[in-house]
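Notes for the one structure printed next.
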Amino acid sequence: MNLISYLRSLGARFLHRSRTEKELEEELSQHIQLRSKELERCGFAPAEAERQARIEFGSSERFKAECREAMAGTFLDTLLQDLRFTVRILAKSPGFTAVIILTMAVAIGATTAIFSVVDATLLHPLPYPNAGQLVQVVDDLPGVGAKDVGISIPEWKDIEGSGIFEYVAPIGGGDVNLTGLSQPTRIAFLNVPTNYFALLGIKPALGRTFDPQDKTPGFTLEVVISDRLWKEAFGSDPQILGKKLRLDNDLYHVIGVMPPGFHDPLRTIQQRNTQLWAASGFAAPPAPPPLRSSRFIPEAIGRLKSGLSLPAAQSRLDALVVALRKQFPADYPMESNWTVRLIPLKESVLGNSRESLILIFAAVGLVLLIGCANVANLLLARASARTREMAIRRALGGSATRLVQQLLTESIVLSLLGGVLGLAFLYCAEGLLLRLVPESLPQLNTVSVNWSVLLFALFLSVMSGVIFGVVPALQAGRADVGGVLKFEGRNSTGSRGQARTRRLLVISEFALALVLMIAAGLLLRSFWDLLNVRLGFNPNKTMVVRTWLPVPNDPSTDIYGSPAKEAPLLREILRRVKTLSGVEEAAVGNLAAIPLGHTRPNLNVFALIQESHEIARDQAPIVNGSTVTPEYFHLLQIPLLRGRSFTDSDDDKAPSVVMINEAMAKKYWPNTDPIGDRLKLPIPGNPSSLVWNTIVGVVADARTESLADISTSQFYFCAYQRRPRDLAIFLRGRLDTVVIPSRVREHVQSIDRELPVFGAETLDDALSRSLIQPRFSMELVGLFAFTALLLAVIGIYGVISYIVSERRHEIGIRLALGAEGKNILRMVLRQGLQVAFAGAIIGLAGAFIVSKLMAHLLYDVHPNDAITFFSVAVLFIGVALPACYFPALRATKVDPMIALRDS
Amino acid sequence: MSEEAELLPGTLDLLILKAVSLGPLHGYAVLARIEQISGQRLFVEQGALYPALFRLVRQGLLKTEWGKSENNRRAKFYELTAKGGRRLRQETEGWKRLASAIGSALAARPGEA
C-alpha cells in the first residue's frame, strides 16, 4: 500500500513530469480563483479580489517547490542534478580529472587484483561442498617431541569407525610409471581409500569414482585420471572408460575422469596437481602388514559428521585416544603420549601462505589509502580555486548539506570512473597477473575476476570516493561565506584551515608510506640474507635428473626387489653417465637427497633409536634420512668431518652403515663420539622390521632440508644397501643443460627401457624455486612500497607548492623589504621538513607495531632491525628534501612587484 | 487578544485528515472545512496546505481523483484511504491523551503537588 503510493508518486515525478507540473499549476490557480470569487461576494471589486487572493495565498512558486519536494524521489532528483553538474565540472578541467581517475585506477586496480588472489585462496580455499566439515587428522607424539608422524592402518580404522566422522581417508602416493605410451611417463599419483571422492563430495566429469563400500584390502585395480592426463596422454579419447593402463608394471583400468578444475586439498604443489588416483585398502601388499605402530601413511583427511563442530569432534576423539591407549599399552607407551589432532583442512592447505597474502593485501590497501590522501589533497587545492563559487551558491540559498552532497557526488563519480578504468586494466592484464602468482600458493580455485571481485571493486570505488571526498566537501560546507566574498577568497581563515588539513593529509601519507617501506625493507633484508646464507653445499655446475623404479603390487615380480638386485642398475647408470661429455662427477641418491627438492611431507623421516641410549620406537625422536651413493658428498662438496665416507664395498653383503651430519652428532651425542654407535632402522621395503646400522662418518651441515635452518638433523644410508625407488642422478661438470637430459634418458633406457627419465634441472634452479614465495612477497610489497613513496613525494611537493603560492604575497613583501632569498628558502624548506619529520616519526611508531606482526615472515632479521628502520627513515627525508626544495626555490624567485600588484 | 488560535506544529496533517474524513474535498474546500469545523477559530496559511496534501498522498493516507467542482470546473479531490482512516483514529487518540494531560497539568493549584 505504502509502496504503491510511493511508486505512484515517483512515477508522477519522473514519468509524467510535464503533466504533474500542469496539474499542480491548475490546482493552485483554481484555489486562487475560488478565493477571489468568494472575496467578490464579500464586496471586493473583481481585480482587487484577485490581487487580495494572491496576497493571501503567498508565493505560489515557493509552495510549488515544496509540493515537488513532498513527492517521492527528491533524493534521486537531486542526485541526477548533481550528476549532470558533476559531468560539466569535470569536463571543464580534463587534466585534473584525468590525474585523479588515473591515480584511482591504479590504486583500485591493484587492490582488486590482489583481492582476486585473496578471494580464490584465503577466502575460498576449498572448493568442495560443506568444506567446513573437512579436517586434517594428525598423529602427534608430544612426549618425544614428534609432530605429524603419519597414521597407521588400525588407527585409521578405529578413528573412522568412531562415529565422529563421515569418512576418514589416509593418503599415500608419489610417482608412478605409466608405460605403454610412446614414452614411459612418470606421473604424480595418490594412493587413496575407496571413500576419497565421496569424502570430498566431488563427482567425476566422465564415468564414475570408486565405490566407498569396496573393501578390497589391496589395490582395487581401478583408477580415476585427471582432466590433464586425459587430454595430454589420451587426446581426450571419449572411449577412455575401461581402457587398461600399465602402472609400475601392473594393469589397471580407467573408471572415471575428474573435471578440469579439480585439485586435491593437500599440502604440496605436486600433490595438488595429481594426475591419477588409485584406490586401495592399505592392508595387502605392496603395503606393509597393518601394525598399529607402523605409521607408514604420511597423512590423513576426514569429513566430520554433519552438524558436529570441530571442538566437539576433538573432545570425542580425545576420549577415543585415551581408551585406545588403555587397550593397547604396548603400542602406546606413556612416554610418547600419543595424541590425535584435528586441523581445519583450510588451515593446513593454506599453511604459511596466509600470512604472506595478508601482508600483501594490507600493503596494497595502504597504497590505496595513500592514493586517496593524494586525491583529497588535489581536491582541496581545487576547492580553494572554487571558494568563490561555493560562497556564492551558499549566499544564494544553497544549504551546506546540499553543497557537501554535490561535492561528494563529484568525488564518488571520480572514484567510480577510476574503478572502471582499473578493472579494464585488470581485465587486460589478467594473464600477466596469473603468471605472477607463485605456483606454491594453494590455489585450488582458479584466480579470476568473478562477481565477488567485481562487487569488491564497486564497494572499494564508492568507499574511496567517500574517503577522499569527505574532507574537502566538509571544508567547503564550513566555509565562511561573508569572509570569502569580502576578501574574494584571499587571506581568509578558510585557507589557513585548509593548509593545516593538507599538511595533516601529507603527514599521514608519509607515515603510511614509511610503514610500507620498512615492511618492504625487512622483507628485502631477510630475502637477501636467505640468498647469501652459507649453503654448506655447492649448487654451481650441478644438475639433477630424476627417474623412478616401479613398485609392482606383487613383490615377487619386482626385478629391483632387493639391494642386491638394484645395486647393479645403480652402478651401471653411474658408469654410463660418467662417459657423457662435460660430466666430471656423478652420484645417485633418492629424491630426499636432492637439496631443497622436497615435494611431499613426512616422506623421509625415521624414528631415531640409538644403541647407546636405547628407547622404544614410539618414543624416539624423528630425524630426516636420505639414501646416497658414496660419490654424493664429494660431488656436492659437503666435507667429511670425522670417520669415513661410504665406499663401493658398503653393499648388501657388508654390515649396514650410515653417516650423520654434525647437527645430529651434536644433538644426540653431545658428549660422546657417535662413530661406532649404532642406530636401529627399518630394513628396505618393510618399515616394521628394524636392524642395527653402524655410524661410520660425520659430515658437515648443509642446508639441504631448508634454506632457513642449518641445524636440521640428517643421516644418510648407502644406496647399495637399500633399494631406493625414487632416484636422483646428480651430475657435476661443464654441463650442456639442453643436451644432458636426453643423453641421460638414452643411457638409462638402454639399461631398462621401461624407466621414465624426467625432472632435469640445475641445482641453482632448484634453489631459486625454493625462494619463490618469499620472493613473491618481497617483490609485491616492494613494488607497493615504491608506489607509496612516489605518491607521498608527489603529495609533499603539492602541499609545499600550495603553501608557497598562498604566501606569495607575504614572501613578496619580505623580499621587497630586503629579505635574502636564502632565508626565504630556509623558511619554506623548514615547513616541508616539519611535515616529513612528523610523518616519519608517526610512521616509525607504526612500523614498530607492524613489523612485530610480520616476524613470522622474516628470516634472520629482527623485526625491529635498527639498520632497516634507520636507513628507510633517512631515505625518506632524502626524497622529501628535493620535493620541498623545488617549490621553495620558486618562492625565492617571486617577483615582489608582481606579487604585490596581484593583491 | 484574537479569537484565532495558533496552529501547533504537526497538527495541520491531523486537521486535513479530519476534514477529508467527512467526505472527498478539493484543496480550497479542505481549507474552508477546517475553518468551519473549528468554529472559525483555526486558520491555515493558504499556500502551505498544498505541500501538506502532497505529503499525505505520498504517505498513502490520502488518494486523489479529478472531478467537477461547484463552479463546474475540473478540480482535484482528496479522499481518505483506509490507512488514512486508521492514522486519523490513532492521532485523535494521541491528541486527546496529550490534551487532557496538559489540561490537568495546567489546572494544578499550589499545594497539590
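Residues are named by chain letter and number: chains run A, B, ... in the order of the C-alpha cells, numbers start at 1 in each chain, and ligands are numbered from 1 in the order shown.
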
Self-check item: 9 Å contact set for Val106 (chain A), only C-alpha atoms, chain neighbours under 4 positions out, as a count of residues only
Solution: 11

Counting only C-alpha atoms, what are the residues of chain A within 6 Å of chain B, and for each of them which pair of atoms is the nearest and at what distance in Å, to one decimal? Sort the table by chain and rising number, as CSV.
residue,atom,partner,partner_atom,distance
A:Asn2,CA,B:Gly60,CA,5.4
A:Ser5,CA,B:Gly60,CA,5.3
A:Tyr6,CA,B:Arg58,CA,5.6
A:Ser9,CA,B:Arg58,CA,6.0
A:His31,CA,B:Tyr28,CA,5.4
A:Phe57,CA,B:Gln46,CA,5.0
A:Glu66,CA,B:Pro51,CA,5.5
A:Cys67,CA,B:Pro51,CA,4.3
A:Ala70,CA,B:Arg55,CA,5.0

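Surrounding region 884-889 of chain A within 9 Å are A:Val793, A:Ile796, A:Tyr797, A:Gly798, A:Val799, A:Ile800, A:Ser801, A:Tyr802, A:Val804, A:Gly821, A:Ile824, A:Leu825, A:Arg826, A:Met827, A:Val828, A:Leu829, A:Gln831, A:Gly832, A:Leu833, with only C-alpha atoms counted and residues fewer than 6 positions along the same chain left out.
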
Please produce an output containing C-alpha atoms for each residue in the selection, written as an mmCIF file, in the first residue's frame.
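After the write, result.cif holds the following:
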data_model
loop_
_atom_site.group_PDB
_atom_site.id
_atom_site.type_symbol
_atom_site.label_atom_id
_atom_site.label_comp_id
_atom_site.auth_asym_id
_atom_site.auth_seq_id
_atom_site.Cartn_x
_atom_site.Cartn_y
_atom_site.Cartn_z
ATOM 1 C CA VAL A 793 56.576 12.623 -2.573
ATOM 2 C CA ILE A 796 54.567 16.778 -0.199
ATOM 3 C CA TYR A 797 55.540 18.553 -3.414
ATOM 4 C CA GLY A 798 51.920 19.585 -3.882
ATOM 5 C CA VAL A 799 51.446 20.859 -0.367
ATOM 6 C CA ILE A 800 54.674 22.874 -0.346
ATOM 7 C CA SER A 801 53.812 24.396 -3.731
ATOM 8 C CA TYR A 802 50.430 25.291 -2.309
ATOM 9 C CA VAL A 804 54.300 28.893 -1.418
ATOM 10 C CA GLY A 821 66.472 34.506 -0.948
ATOM 11 C CA ILE A 824 63.095 32.509 2.274
ATOM 12 C CA LEU A 825 64.407 29.158 1.031
ATOM 13 C CA ARG A 826 65.194 28.071 4.565
ATOM 14 C CA MET A 827 61.773 29.160 5.804
ATOM 15 C CA VAL A 828 59.888 27.150 3.190
ATOM 16 C CA LEU A 829 62.175 24.139 3.483
ATOM 17 C CA GLN A 831 57.928 23.850 6.733
ATOM 18 C CA GLY A 832 58.327 20.961 4.333
ATOM 19 C CA LEU A 833 60.758 19.100 6.526
#

Strand (DSSP E or B) call set, DSSP backbone run, chain B, as a compact mmCIF listing (two decimals) with C-alpha atoms, in the first residue's frame:
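Here's the written file selection.txt:
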# COMPACT_ATOMS: atom_id res chain seq x y z
CA ALA B 5 -5.53 30.04 17.99
CA LEU B 25 -12.85 17.61 -0.91
CA HIS B 26 -10.74 19.73 -3.22
CA LEU B 42 -8.30 27.95 13.28
CA LEU B 62 -4.99 10.26 1.03
CA LYS B 63 -5.85 9.42 -2.55
CA THR B 64 -6.77 11.85 -5.31
CA GLU B 65 -9.25 11.93 -8.12
CA TRP B 66 -10.12 14.61 -10.64
CA GLY B 67 -13.76 15.68 -10.62
CA LYS B 68 -16.05 18.66 -11.06
CA ARG B 74 -12.09 20.45 -13.19
CA ALA B 75 -10.74 20.05 -9.64
CA LYS B 76 -8.58 17.58 -7.77
CA PHE B 77 -10.47 15.88 -4.94
CA TYR B 78 -8.74 14.37 -1.92
CA GLU B 79 -10.23 11.31 -0.23
CA LEU B 80 -9.25 9.41 2.89

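Put simply, CA of Phe115 (chain A) is 19.7 Å away from CA of Phe786 (chain A).
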
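Between CA of Val551 (chain A) and CA of Gly218 (chain A) the separation is 13.6 Å.
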